[in-house]
$ cat data21.cif   # mmCIF, C-alpha atoms
data_run
loop_
_atom_site.label_atom_id
_atom_site.label_comp_id
_atom_site.auth_asym_id
_atom_site.auth_seq_id
_atom_site.Cartn_x
_atom_site.Cartn_y
_atom_site.Cartn_z
CA MET G 705 -10.38 -28.15 1.18
CA ARG G 706 -7.69 -29.41 3.55
CA GLY G 707 -5.08 -27.33 5.32
CA ILE G 708 -2.52 -28.20 2.67
CA ASP G 709 -4.79 -26.64 0.03
CA ALA G 710 -4.31 -23.24 1.69
CA LEU G 711 -0.51 -23.33 1.36
CA SER G 712 -0.62 -20.98 -1.63
CA VAL G 713 -1.08 -18.02 0.74
CA PHE G 714 1.65 -19.14 3.15
CA PRO G 715 5.38 -18.45 2.68
CA ALA G 716 6.83 -20.41 -0.22
CA SER G 717 8.75 -22.61 2.22
CA ALA G 718 5.57 -23.80 3.96
CA ARG G 719 4.60 -27.42 3.62
CA ALA G 720 2.88 -30.22 5.49
CA ARG G 721 5.25 -32.67 7.16
CA ASP G 722 4.58 -36.41 7.18
CA SER G 723 3.38 -35.91 10.76
CA GLY G 724 0.68 -33.58 9.45
CA HIS G 725 2.34 -30.58 11.08
CA LEU G 726 2.80 -27.27 9.30
CA GLU G 727 6.42 -26.45 8.50
CA ILE G 728 7.70 -22.92 7.84
CA GLY G 729 11.30 -22.18 6.89
CA GLY G 730 12.25 -25.76 7.72
CA VAL G 731 10.85 -25.43 11.26
CA ASP G 732 7.95 -27.42 12.70
CA ALA G 733 5.43 -24.69 13.50
CA VAL G 734 3.55 -26.84 16.02
CA ASP G 735 6.69 -27.68 17.98
CA LEU G 736 7.68 -24.02 17.87
CA ALA G 737 4.29 -22.95 19.21
CA ARG G 738 4.32 -25.51 21.99
CA THR G 739 7.85 -24.74 23.15
CA ARG G 740 7.69 -20.95 22.89
CA GLY G 741 4.04 -20.41 23.66
CA THR G 742 1.29 -18.64 21.76
CA PRO G 743 0.26 -16.29 20.34
CA LEU G 744 3.45 -16.49 18.34
CA TYR G 745 4.24 -14.65 15.11
CA VAL G 746 6.64 -16.44 12.77
CA PHE G 747 8.42 -14.64 9.93
CA ASP G 748 10.12 -16.50 7.10
CA GLU G 749 13.44 -14.78 6.35
CA GLN G 750 13.73 -16.12 2.83
CA GLU G 751 10.22 -14.92 2.02
CA LEU G 752 11.25 -11.41 3.13
CA ARG G 753 14.36 -11.48 1.02
CA GLY G 754 12.51 -12.95 -1.94
CA ALA G 755 9.88 -10.20 -1.88
CA ALA G 756 12.54 -7.48 -1.90
CA ARG G 757 14.38 -9.21 -4.73
CA SER G 758 11.22 -9.56 -6.81
CA PHE G 759 10.66 -5.79 -6.72
CA ARG G 760 14.31 -5.13 -7.55
CA ALA G 761 14.19 -7.54 -10.51
CA ALA G 762 10.94 -5.98 -11.77
CA LEU G 763 12.35 -2.45 -11.60
CA THR G 764 15.52 -3.54 -13.37
CA ARG G 765 13.42 -5.16 -16.09
CA HIS G 766 10.98 -2.32 -16.69
CA TYR G 767 12.45 1.01 -15.59
CA PRO G 768 15.34 2.61 -17.48
CA GLY G 769 16.28 5.14 -14.80
CA GLU G 770 17.62 5.01 -11.28
CA SER G 771 15.30 3.33 -8.78
CA ALA G 772 15.09 2.49 -5.08
CA ILE G 773 12.95 0.22 -2.92
CA ILE G 774 11.86 2.02 0.24
CA TYR G 775 10.16 -0.30 2.75
CA ALA G 776 7.06 1.22 4.37
CA SER G 777 7.99 0.71 8.01
CA LYS G 778 4.44 1.19 9.27
CA ALA G 779 3.64 -2.34 8.06
CA PHE G 780 5.91 -3.76 10.79
CA SER G 781 8.88 -2.15 12.50
CA ASN G 782 11.59 -4.36 14.00
CA VAL G 783 15.36 -3.99 14.32
CA ALA G 784 16.26 -7.50 13.12
CA LEU G 785 13.82 -7.32 10.22
CA PHE G 786 15.24 -3.95 9.18
CA ARG G 787 18.74 -5.44 9.15
CA VAL G 788 17.61 -8.25 6.87
CA LEU G 789 16.00 -5.81 4.43
CA ALA G 790 18.97 -3.44 4.54
CA GLU G 791 21.17 -6.37 3.49
CA GLU G 792 18.94 -6.60 0.40
CA GLY G 793 19.60 -2.94 -0.44
CA VAL G 794 16.22 -1.74 0.78
CA GLY G 795 15.70 1.76 2.22
CA PHE G 796 13.03 2.78 4.71
CA ASP G 797 9.98 5.03 4.81
CA VAL G 798 9.31 6.18 8.38
CA VAL G 799 6.33 8.13 9.69
CA SER G 800 7.40 8.91 13.25
CA GLY G 801 10.37 9.60 15.46
CA GLY G 802 9.95 6.07 16.82
CA GLU G 803 10.27 4.43 13.42
CA MET G 804 13.27 6.67 12.77
CA ALA G 805 14.81 5.37 16.01
CA VAL G 806 14.35 1.77 14.84
CA THR G 807 16.30 2.49 11.63
CA GLU G 808 19.06 4.05 13.75
CA ALA G 809 19.18 1.01 16.05
CA ALA G 810 19.37 -1.26 12.99
CA GLY G 811 22.35 0.68 11.64
CA VAL G 812 20.52 1.87 8.52
CA ASP G 813 22.27 4.59 6.52
CA PRO G 814 20.13 7.72 7.13
CA ALA G 815 20.59 8.64 3.47
CA ASN G 816 18.33 5.67 2.72
CA VAL G 817 15.52 6.86 5.01
CA HIS G 818 12.54 8.95 3.85
CA PHE G 819 10.36 10.71 6.44
CA HIS G 820 6.59 10.76 5.81
CA GLY G 821 3.58 11.78 7.88
CA ASN G 822 0.80 14.37 7.89
CA ASN G 823 1.63 16.03 11.23
CA LYS G 824 5.35 15.76 11.92
CA SER G 825 6.29 17.54 15.14
CA GLU G 826 8.97 20.19 15.32
CA THR G 827 11.05 17.82 17.45
CA GLU G 828 10.73 15.04 14.87
CA LEU G 829 11.68 17.37 12.02
CA GLU G 830 14.68 18.67 13.94
CA ARG G 831 15.82 15.11 14.56
CA ALA G 832 15.36 14.20 10.90
CA VAL G 833 17.40 17.20 9.74
CA GLU G 834 20.15 16.52 12.27
CA ALA G 835 20.30 12.85 11.29
CA GLY G 836 20.69 13.75 7.60
CA LEU G 837 17.77 11.74 6.27
CA GLY G 838 17.77 11.20 2.53
CA ALA G 839 14.44 12.96 2.07
CA ILE G 840 11.63 14.55 4.01
CA VAL G 841 8.32 14.15 2.23
CA VAL G 842 6.42 17.34 3.04
CA ASP G 843 2.70 16.78 3.52
CA ASN G 844 1.25 20.28 3.95
CA LEU G 845 1.97 24.02 3.93
CA HIS G 846 2.30 24.21 7.72
CA GLU G 847 5.04 21.60 7.66
CA LEU G 848 6.79 23.39 4.81
CA SER G 849 6.98 26.57 6.90
CA LEU G 850 8.04 24.70 10.02
CA LEU G 851 10.81 22.86 8.21
CA ASP G 852 12.03 26.01 6.47
CA ALA G 853 12.26 27.77 9.86
CA ILE G 854 14.24 24.87 11.34
CA LEU G 855 16.66 24.90 8.42
CA THR G 856 17.11 28.67 8.65
CA ARG G 857 17.78 28.42 12.38
CA THR G 858 20.31 25.59 12.02
CA GLY G 859 21.93 26.80 8.81
CA ARG G 860 21.27 23.50 7.06
CA THR G 861 19.68 22.47 3.79
CA GLN G 862 17.37 19.52 3.29
CA ARG G 863 16.27 17.47 0.31
CA VAL G 864 12.48 17.32 0.17
CA SER G 865 9.67 15.91 -1.92
CA LEU G 866 6.11 17.16 -1.84
CA ARG G 867 3.32 14.69 -1.21
CA VAL G 868 0.58 15.64 -3.61
CA SER G 869 -2.97 14.35 -3.75
CA PRO G 870 -3.88 13.52 -7.36
CA GLY G 871 -7.59 12.98 -6.63
CA VAL G 872 -7.66 9.36 -7.82
CA ASP G 873 -9.79 6.67 -6.13
CA PRO G 874 -7.91 3.33 -5.87
CA HIS G 875 -11.12 1.40 -5.02
CA THR G 876 -9.97 0.03 -1.69
CA HIS G 877 -11.37 0.33 1.86
CA ALA G 878 -12.41 3.89 2.76
CA HIS G 879 -10.20 3.82 5.86
CA THR G 880 -7.10 3.10 3.77
CA THR G 881 -7.80 5.35 0.79
CA THR G 882 -5.38 8.30 0.84
CA GLY G 883 -5.03 9.74 -2.67
CA VAL G 884 -8.51 11.21 -3.08
CA LEU G 885 -9.31 14.90 -2.60
CA ASP G 886 -11.16 14.35 0.71
CA SER G 887 -8.19 13.03 2.69
CA LYS G 888 -6.07 14.28 5.56
CA PHE G 889 -2.96 13.44 3.54
CA GLY G 890 -1.14 15.45 0.93
CA LEU G 891 -1.24 18.73 -0.94
CA ALA G 892 -4.24 18.68 -3.25
CA ILE G 893 -3.46 19.43 -6.89
CA GLN G 894 -7.08 20.37 -7.59
CA THR G 895 -7.29 23.11 -4.95
CA GLY G 896 -3.99 24.81 -5.79
CA GLN G 897 -2.31 23.82 -2.52
CA ALA G 898 0.29 21.74 -4.32
CA GLU G 899 1.19 24.68 -6.56
CA GLN G 900 1.51 26.97 -3.53
CA ALA G 901 3.91 24.47 -1.97
CA VAL G 902 6.04 24.31 -5.12
CA ALA G 903 6.22 28.10 -5.33
CA ARG G 904 7.28 28.45 -1.70
CA ALA G 905 9.77 25.57 -1.81
CA VAL G 906 11.44 26.85 -4.97
CA GLU G 907 11.93 30.27 -3.36
CA SER G 908 13.58 28.88 -0.22
CA PRO G 909 17.39 28.69 -0.27
CA ARG G 910 17.23 25.98 2.41
CA LEU G 911 14.82 23.57 0.73
CA ASP G 912 16.16 21.34 -2.03
CA LEU G 913 12.91 20.50 -3.79
CA ALA G 914 13.82 17.24 -5.49
CA GLY G 915 10.55 15.65 -6.40
CA LEU G 916 6.91 14.70 -6.03
CA HIS G 917 5.26 11.83 -4.22
CA PHE G 918 1.77 10.39 -3.95
CA HIS G 919 0.24 7.44 -2.15
CA LEU G 920 -3.19 6.21 -3.20
CA GLY G 921 -4.02 3.82 -0.37
CA SER G 922 -3.77 0.11 0.40
CA PRO G 923 -4.25 -2.65 -0.56
CA ILE G 924 -4.81 -1.83 -4.24
CA PHE G 925 -5.70 -4.79 -6.43
CA GLU G 926 -6.07 -2.70 -9.61
CA ARG G 927 -3.20 -1.26 -11.63
CA GLU G 928 -5.10 1.43 -13.54
CA PRO G 929 -5.32 3.86 -10.57
CA TYR G 930 -1.51 4.04 -10.54
CA ALA G 931 -1.41 4.88 -14.24
CA GLU G 932 -4.10 7.55 -13.86
CA ALA G 933 -2.47 9.15 -10.80
CA ILE G 934 0.91 9.20 -12.56
CA ARG G 935 -0.68 10.93 -15.56
CA VAL G 936 -2.19 13.61 -13.30
CA THR G 937 1.06 14.10 -11.41
CA MET G 938 3.16 14.28 -14.57
CA ASP G 939 0.82 16.93 -15.97
CA PHE G 940 1.32 18.89 -12.74
CA ALA G 941 5.10 18.45 -12.83
CA ALA G 942 5.25 19.78 -16.39
CA ARG G 943 3.16 22.81 -15.46
CA MET G 944 5.35 23.49 -12.42
CA LYS G 945 8.42 23.35 -14.64
CA THR G 946 6.92 26.00 -16.92
CA GLU G 947 5.64 28.23 -14.11
CA TYR G 948 8.43 27.94 -11.52
CA GLY G 949 11.37 26.19 -13.16
CA PHE G 950 10.80 23.08 -11.03
CA ILE G 951 12.79 20.07 -12.22
CA MET G 952 11.45 16.74 -10.95
CA LYS G 953 14.55 14.68 -10.21
CA LEU G 954 12.78 12.21 -7.89
CA PHE G 955 9.32 10.69 -8.20
CA SER G 956 7.46 8.18 -6.03
CA PRO G 957 4.10 6.54 -6.75
CA GLY G 958 4.07 5.28 -3.15
CA GLY G 959 3.10 1.71 -2.40
CA GLY G 960 -0.16 0.02 -1.48
CA PHE G 961 0.55 -3.13 -3.49
CA ALA G 962 -1.86 -5.95 -2.63
CA VAL G 963 -1.15 -9.51 -1.52
CA ASN G 964 -3.32 -12.61 -1.58
CA TYR G 965 -4.98 -13.02 1.82
CA LEU G 966 -7.40 -15.66 0.55
CA VAL G 967 -6.77 -18.58 -1.78
CA SER G 968 -9.32 -17.00 -4.14
CA ASP G 969 -7.53 -13.59 -4.25
CA GLU G 970 -5.67 -12.57 -7.42
CA ALA G 971 -3.28 -9.74 -6.54
CA PRO G 972 -1.01 -8.52 -9.36
CA SER G 973 2.63 -9.58 -9.12
CA ALA G 974 5.46 -7.17 -8.37
CA ASP G 975 6.37 -7.43 -12.04
CA HIS G 976 2.88 -6.40 -13.15
CA TYR G 977 2.77 -3.42 -10.80
CA MET G 978 6.22 -2.22 -11.85
CA GLU G 979 5.45 -2.68 -15.54
CA THR G 980 2.35 -0.48 -15.26
CA ILE G 981 4.09 2.17 -13.16
CA SER G 982 7.20 2.27 -15.34
CA ARG G 983 5.25 2.53 -18.57
CA ALA G 984 3.10 5.37 -17.21
CA ILE G 985 6.13 7.35 -16.04
CA ILE G 986 7.98 6.89 -19.31
CA GLN G 987 4.91 7.92 -21.32
CA GLY G 988 4.35 10.98 -19.12
CA CYS G 989 7.94 12.08 -19.57
CA ASP G 990 7.71 11.58 -23.32
CA VAL G 991 4.48 13.59 -23.59
CA HIS G 992 5.84 16.54 -21.61
CA GLY G 993 9.50 16.42 -22.63
CA LEU G 994 10.64 15.69 -19.07
CA GLU G 995 13.83 13.90 -18.06
CA ILE G 996 13.30 10.40 -16.67
CA PRO G 997 13.39 10.88 -12.86
CA ALA G 998 14.87 8.56 -10.28
CA ILE G 999 11.96 6.69 -8.70
CA SER G 1000 11.34 5.14 -5.32
CA ILE G 1001 8.60 2.64 -4.60
CA GLU G 1002 7.31 1.97 -1.11
CA PRO G 1003 6.15 -1.62 -0.62
CA GLY G 1004 5.23 -2.55 2.95
CA ARG G 1005 2.49 -5.18 3.05
CA SER G 1006 3.84 -6.79 -0.12
CA VAL G 1007 7.24 -7.33 1.53
CA VAL G 1008 6.23 -8.58 4.99
CA GLY G 1009 2.59 -9.65 4.62
CA THR G 1010 2.98 -13.19 3.31
CA ALA G 1011 6.22 -13.70 5.26
CA GLY G 1012 4.34 -13.64 8.59
CA VAL G 1013 2.20 -16.42 10.07
CA ALA G 1014 0.32 -16.08 13.37
CA LEU G 1015 0.08 -19.17 15.58
CA TYR G 1016 -2.55 -19.56 18.30
CA THR G 1017 -3.71 -22.29 20.68
CA VAL G 1018 -7.35 -23.33 20.59
CA GLY G 1019 -9.30 -23.08 23.86
CA ALA G 1020 -13.06 -23.06 24.39
CA THR G 1021 -15.66 -23.96 21.77
CA LYS G 1022 -19.25 -22.65 21.93
CA THR G 1023 -21.86 -24.15 19.62
CA LEU G 1024 -25.19 -22.43 18.97
CA PRO G 1025 -27.22 -24.99 16.99
CA ASP G 1026 -28.27 -23.74 13.55
CA ILE G 1027 -26.55 -20.40 14.25
CA ARG G 1028 -22.78 -20.54 14.73
CA THR G 1029 -19.87 -22.35 16.33
CA TYR G 1030 -17.32 -20.12 18.04
CA VAL G 1031 -13.79 -21.46 18.48
CA SER G 1032 -11.77 -19.24 20.79
CA VAL G 1033 -8.01 -18.83 20.64
CA ASP G 1034 -5.50 -17.21 22.99
CA GLY G 1035 -4.96 -14.09 20.86
CA GLY G 1036 -7.28 -11.82 18.93
CA MET G 1037 -7.80 -8.12 18.37
CA GLY G 1038 -4.87 -7.24 20.64
CA ASP G 1039 -2.45 -8.71 18.11
CA ASN G 1040 -4.63 -8.40 14.98
CA ILE G 1041 -7.26 -5.66 14.97
CA ARG G 1042 -7.58 -5.58 11.18
CA PRO G 1043 -10.74 -7.74 10.96
CA ALA G 1044 -12.44 -5.52 13.55
CA ILE G 1045 -11.66 -2.18 11.88
CA TYR G 1046 -11.33 -3.09 8.20
CA GLY G 1047 -13.41 -6.25 7.88
CA SER G 1048 -10.22 -8.00 6.76
CA ARG G 1049 -10.55 -11.66 5.82
CA TYR G 1050 -8.07 -14.49 6.36
CA GLU G 1051 -7.66 -18.19 5.82
CA ALA G 1052 -7.10 -20.42 8.86
CA VAL G 1053 -5.73 -23.95 9.23
CA LEU G 1054 -5.06 -26.36 12.06
CA ALA G 1055 -1.27 -26.45 11.94
CA SER G 1056 -1.16 -29.83 13.67
CA ARG G 1057 -3.62 -31.50 11.27
CA MET G 1058 -2.78 -30.13 7.83
CA ALA G 1059 -3.83 -33.27 5.95
CA ASP G 1060 -7.18 -33.74 7.68
CA ALA G 1061 -10.33 -33.06 5.71
CA GLU G 1062 -12.45 -30.13 6.83
CA GLU G 1063 -15.63 -31.07 8.63
CA VAL G 1064 -17.21 -28.04 10.32
CA THR G 1065 -17.76 -24.35 9.69
CA VAL G 1066 -16.56 -22.27 12.62
CA THR G 1067 -15.84 -18.68 13.53
CA ILE G 1068 -12.44 -18.02 15.11
CA ALA G 1069 -12.88 -15.68 18.07
CA GLY G 1070 -10.27 -13.95 20.20
CA LYS G 1071 -10.04 -13.74 23.99
CA TYR G 1072 -10.68 -10.00 24.32
CA CYS G 1073 -13.78 -8.51 25.95
CA GLU G 1074 -15.32 -7.20 22.75
CA SER G 1075 -18.00 -8.84 20.61
CA GLY G 1076 -16.12 -7.56 17.58
CA ASP G 1077 -13.05 -9.61 18.51
CA ILE G 1078 -13.36 -12.03 15.60
CA LEU G 1079 -10.29 -13.13 13.62
CA VAL G 1080 -11.88 -15.34 10.93
CA ARG G 1081 -15.60 -15.64 10.28
CA ASP G 1082 -17.18 -18.82 8.88
CA CYS G 1083 -14.16 -20.88 7.92
CA SER G 1084 -14.06 -24.65 7.43
CA LEU G 1085 -11.77 -26.73 9.64
CA PRO G 1086 -11.43 -30.24 10.96
CA VAL G 1087 -13.34 -30.37 14.27
CA PRO G 1088 -11.04 -28.30 16.53
CA ALA G 1089 -10.12 -29.44 20.02
CA ALA G 1090 -8.64 -27.55 22.94
CA GLY G 1091 -4.86 -27.55 22.58
CA ASP G 1092 -4.81 -27.61 18.78
CA VAL G 1093 -2.47 -25.09 17.16
CA LEU G 1094 -4.23 -22.82 14.68
CA ALA G 1095 -2.31 -20.89 12.02
CA ILE G 1096 -3.46 -17.72 10.22
CA PRO G 1097 -1.27 -16.84 7.21
CA VAL G 1098 -0.49 -13.43 5.72
CA SER G 1099 -0.19 -11.92 9.20
CA GLY G 1100 3.09 -10.11 8.68
CA ALA G 1101 1.73 -6.66 7.85
CA TYR G 1102 -0.09 -4.28 10.22
CA CYS G 1103 -1.11 -6.95 12.75
CA LEU G 1104 1.83 -6.42 15.12
CA ALA G 1105 2.27 -2.82 14.03
CA MET G 1106 -1.25 -2.03 15.29
CA SER G 1107 -1.14 -4.36 18.30
CA SER G 1108 -2.09 -3.28 21.80
CA THR G 1109 -2.12 -4.48 25.40
CA TYR G 1110 -5.90 -4.21 25.67
CA ASN G 1111 -7.25 -6.09 28.71
CA ALA G 1112 -3.63 -6.00 29.97
CA ASN G 1113 -2.66 -8.87 27.69
CA PRO G 1114 1.07 -8.91 26.84
CA ARG G 1115 1.96 -8.69 23.16
CA PRO G 1116 3.28 -11.86 21.49
CA GLU G 1117 6.77 -13.10 20.77
CA VAL G 1118 8.09 -12.81 17.21
CA ALA G 1119 10.42 -15.42 15.72
CA LEU G 1120 12.41 -15.37 12.48
CA VAL G 1121 12.86 -18.76 10.78
CA SER G 1122 15.26 -19.88 8.08
CA ASP G 1123 16.97 -23.13 7.09
CA GLY G 1124 15.43 -25.07 9.96
CA GLN G 1125 16.45 -22.57 12.62
CA ALA G 1126 14.35 -20.13 14.62
CA ARG G 1127 15.48 -17.08 16.57
CA THR G 1128 13.53 -14.63 18.63
CA ILE G 1129 13.52 -11.11 17.17
CA ARG G 1130 11.08 -9.69 19.70
CA ARG G 1131 10.51 -11.29 23.08
CA ARG G 1132 7.08 -11.83 24.54
CA GLU G 1133 5.96 -9.01 26.81
CA THR G 1134 5.59 -9.78 30.49
CA TYR G 1135 3.19 -8.52 33.14
CA ASP G 1136 6.07 -6.46 34.53
CA ASP G 1137 6.45 -4.84 31.09
CA LEU G 1138 2.79 -3.81 31.22
CA MET G 1139 3.40 -1.86 34.43
CA ARG G 1140 6.90 -0.59 33.74
CA LEU G 1141 5.77 2.93 32.90
CA ASP G 1142 3.32 3.23 35.78
CA VAL G 1143 4.36 5.75 38.48
#
$ encode --input "data21.cif" --output "structure tokens"
Amino acid sequence: MRGIDALSVFPASARARDSGHLEIGGVDAVDLARTRGTPLYVFDEQELRGAARSFRAALTRHYPGESAIIYASKAFSNVALFRVLAEEGVGFDVVSGGEMAVTEAAGVDPANVHFHGNNKSETELERAVEAGLGAIVVDNLHELSLLDAILTRTGRTQRVSLRVSPGVDPHTHAHTTTGVLDSKFGLAIQTGQAEQAVARAVESPRLDLAGLHFHLGSPIFEREPYAEAIRVTMDFAARMKTEYGFIMKLFSPGGGFAVNYLVSDEAPSADHYMETISRAIIQGCDVHGLEIPAISIEPGRSVVGTAGVALYTVGATKTLPDIRTYVSVDGGMGDNIRPAIYGSRYEAVLASRMADAEEVTVTIAGKYCESGDILVRDCSLPVPAAGDVLAIPVSGAYCLAMSSTYNANPRPEVALVSDGQARTIRRRETYDDLMRLDV
């Protein structure tokens, strides 16, 4: 396989130029890397917009009720990126005061922001109430009491949903499974916690209990877990209507939609996910005589994942005969810790030699002082040389969001490309930035 054979997991605009260089969004990725430096993360604006539009089209096609796309900000939070998505009519799911601040800086309508998280602080909740966020998704009974006290003290009311745990295994990595019973997230239906929360929320004059929410985990390559979790949650909603008069006006099956990291991956399309989710909701409402609720879906990875490409410069090569060849690059676990903590797998190509045939099997190592700092294990490349530009696709989600300054390495620049133009949307950190908070 040559570099050009991996283009299926790059942004749709990606191609190999006659020079053999990788092009993204009409921009020569090699020239961009050499003029701006590496590591460099490149986001394709049209890929971002296209992902949002594909979910909107799928919802329009399959769901008869009101619907909203709420971007899961934890995948990657950036002011310019938020502005692009807001232009596409996308709302935002935030899980911290910091992510809330990014939506404010981007000029996002707070009515289109939903606040998640399993341990929201009193300060964060006060800020969310004052800002007038569209919904606070309550995760536990402690938070319910805390929020109710804040609302009583301020004389305000707040629209809320309850995050319930349906006890469904989505068959993904244990570290990213969140909808099972043994999880720090959500009000478990099986234990009665979810019912307690409904009873208390319905009694409060300050809490506008609008709906229910669950999130199973990520990335989920199967569609059946969504259908099963919706069935469980609809059964619960019907019982809560009978017991407490609860009317579910809003429902969210969360996100967790998978993307193709490897050429061999076969993630369902946005249309397939939305067809399964819509059918399950409609059937649940029919079975229990419930009104069709407004729904919100929360794609994160599936909006920004494929849009992002990480560019690195090759440095040292270490060959251990009959064992392994390590090719080191100038980034690593500081900008992408996912392989180290999740065992995540990626494709890799030499962006300056896309048409060359692969000749050697190598392991792409980072520059950090950890043996676990491996980006791609056992991939085939043309024989790499120091100075080559290496590209790792599908780097838009969680890489930068989980980045660090380990070993006092500054975090990388981020560029947005479209129609042959590139603009910086986050500058490269400097050494001065690393010490700016030191006193």
$ residues_around --input "data21.cif" --residues "Ala839 in chain G" --least-positions-apart "3" --cutoff "12 Å" --atoms "all atoms listed in the file" --output "ChimeraX atom specification"
/G:774,795-798,814-820,829,832-833,835-836,842,861-867,911-917,954-956,1000
$ write_last_selection --input "data21.cif" --atoms "C-alpha atoms" --output "PDB file, keeping the file's coordinate frame"
ATOM      1  CA  ILE G 774      11.860   2.020   0.240  1.00  0.00           C
ATOM      2  CA  GLY G 795      15.700   1.760   2.220  1.00  0.00           C
ATOM      3  CA  PHE G 796      13.030   2.780   4.710  1.00  0.00           C
ATOM      4  CA  ASP G 797       9.980   5.030   4.810  1.00  0.00           C
ATOM      5  CA  VAL G 798       9.310   6.180   8.380  1.00  0.00           C
ATOM      6  CA  PRO G 814      20.130   7.720   7.130  1.00  0.00           C
ATOM      7  CA  ALA G 815      20.590   8.640   3.470  1.00  0.00           C
ATOM      8  CA  ASN G 816      18.330   5.670   2.720  1.00  0.00           C
ATOM      9  CA  VAL G 817      15.520   6.860   5.010  1.00  0.00           C
ATOM     10  CA  HIS G 818      12.540   8.950   3.850  1.00  0.00           C
ATOM     11  CA  PHE G 819      10.360  10.710   6.440  1.00  0.00           C
ATOM     12  CA  HIS G 820       6.590  10.760   5.810  1.00  0.00           C
ATOM     13  CA  LEU G 829      11.680  17.370  12.020  1.00  0.00           C
ATOM     14  CA  ALA G 832      15.360  14.200  10.900  1.00  0.00           C
ATOM     15  CA  VAL G 833      17.400  17.200   9.740  1.00  0.00           C
ATOM     16  CA  ALA G 835      20.300  12.850  11.290  1.00  0.00           C
ATOM     17  CA  GLY G 836      20.690  13.750   7.600  1.00  0.00           C
ATOM     18  CA  VAL G 842       6.420  17.340   3.040  1.00  0.00           C
ATOM     19  CA  THR G 861      19.680  22.470   3.790  1.00  0.00           C
ATOM     20  CA  GLN G 862      17.370  19.520   3.290  1.00  0.00           C
ATOM     21  CA  ARG G 863      16.270  17.470   0.310  1.00  0.00           C
ATOM     22  CA  VAL G 864      12.480  17.320   0.170  1.00  0.00           C
ATOM     23  CA  SER G 865       9.670  15.910  -1.920  1.00  0.00           C
ATOM     24  CA  LEU G 866       6.110  17.160  -1.840  1.00  0.00           C
ATOM     25  CA  ARG G 867       3.320  14.690  -1.210  1.00  0.00           C
ATOM     26  CA  LEU G 911      14.820  23.570   0.730  1.00  0.00           C
ATOM     27  CA  ASP G 912      16.160  21.340  -2.030  1.00  0.00           C
ATOM     28  CA  LEU G 913      12.910  20.500  -3.790  1.00  0.00           C
ATOM     29  CA  ALA G 914      13.820  17.240  -5.490  1.00  0.00           C
ATOM     30  CA  GLY G 915      10.550  15.650  -6.400  1.00  0.00           C
ATOM     31  CA  LEU G 916       6.910  14.700  -6.030  1.00  0.00           C
ATOM     32  CA  HIS G 917       5.260  11.830  -4.220  1.00  0.00           C
ATOM     33  CA  LEU G 954      12.780  12.210  -7.890  1.00  0.00           C
ATOM     34  CA  PHE G 955       9.320  10.690  -8.200  1.00  0.00           C
ATOM     35  CA  SER G 956       7.460   8.180  -6.030  1.00  0.00           C
ATOM     36  CA  SER G1000      11.340   5.140  -5.320  1.00  0.00           C
TER      37      SER G1000
END
$ atom_distance --input "data21.cif" --atom1 "CA of Gly960 in chain G" --atom2 "CA of Gly921 in chain G"
5.5 Å
$ closest_residue --input "data21.cif" --among "G:Val1087, G:Ala762, G:Ala962, G:Ile893" --to "Asp1060 in chain G" --atoms "only C-alpha atoms"
G:Val1087
$ resolve_selection --input "data21.cif" --expression "the PyMOL selection byres ((chain G and resi 1034) around 8)" --output "ChimeraX atom specification"
/G:742-743,1016-1019,1032-1033,1035-1036,1070-1071
$ write_last_selection --input "data21.cif" --atoms "C-alpha atoms" --output "CSV table (one decimal), keeping the file's coordinate frame"
chain,number,residue,atom,x,y,z
G,742,THR,CA,1.3,-18.6,21.8
G,743,PRO,CA,0.3,-16.3,20.3
G,1016,TYR,CA,-2.6,-19.6,18.3
G,1017,THR,CA,-3.7,-22.3,20.7
G,1018,VAL,CA,-7.4,-23.3,20.6
G,1019,GLY,CA,-9.3,-23.1,23.9
G,1032,SER,CA,-11.8,-19.2,20.8
G,1033,VAL,CA,-8.0,-18.8,20.6
G,1035,GLY,CA,-5.0,-14.1,20.9
G,1036,GLY,CA,-7.3,-11.8,18.9
G,1070,GLY,CA,-10.3,-14.0,20.2
G,1071,LYS,CA,-10.0,-13.7,24.0
$ resolve_selection --input "data21.cif" --expression "the PyMOL selection byres ((chain G and resi 1115) around 8)" --output "VMD selection string"
chain G and resid 1038 to 1039 1107 to 1109 1113 to 1114 1116 to 1117 1132 to 1133
$ resolve_selection --input "data21.cif" --expression "the PyMOL selection byres ((chain G and resi 757) around 12)" --output "PyMOL selection string"
chain G and resi 750-756+758-764+772-773+789-794+974-975+1003+1006-1007
$ residues_around --input "data21.cif" --residues "Ser982 in chain G" --least-positions-apart "3" --cutoff "7 Å" --atoms "all atoms listed in the file" --output "PyMOL selection string"
chain G and resi 766-767+978-979+985-986
$ axis_aligned_box --input "data21.cif" --around "range 924-930 of chain G" --padding-each-side "5 Å" --output "lines of an AutoDock Vina configuration file"
center_x = -3.8
center_y = -0.4
center_z = -8.9
size_x = 14.6
size_y = 18.8
size_z = 19.3
$ atom_distance --input "data21.cif" --atom1 "CA of Gly988 in chain G" --atom2 "CA of Arg943 in chain G"
12.4 Å
$ residues_around --input "data21.cif" --residues "Gly959 in chain G" --least-positions-apart "2" --cutoff "9 Å" --atoms "only C-alpha atoms" --output "list of chain:residue names"
G:Tyr775, G:Ala776, G:Phe918, G:His919, G:Leu920, G:Gly921, G:Ser922, G:Pro923, G:Ile924, G:Ser956, G:Pro957, G:Phe961, G:Ile1001, G:Glu1002, G:Pro1003, G:Gly1004, G:Arg1005, G:Ser1006
$ closest_residue --input "data21.cif" --among "G:Ile1078, G:Cys1073, G:Ile996, G:Cys1103" --to "Pro768 in chain G" --atoms "only C-alpha atoms"
G:Ile996
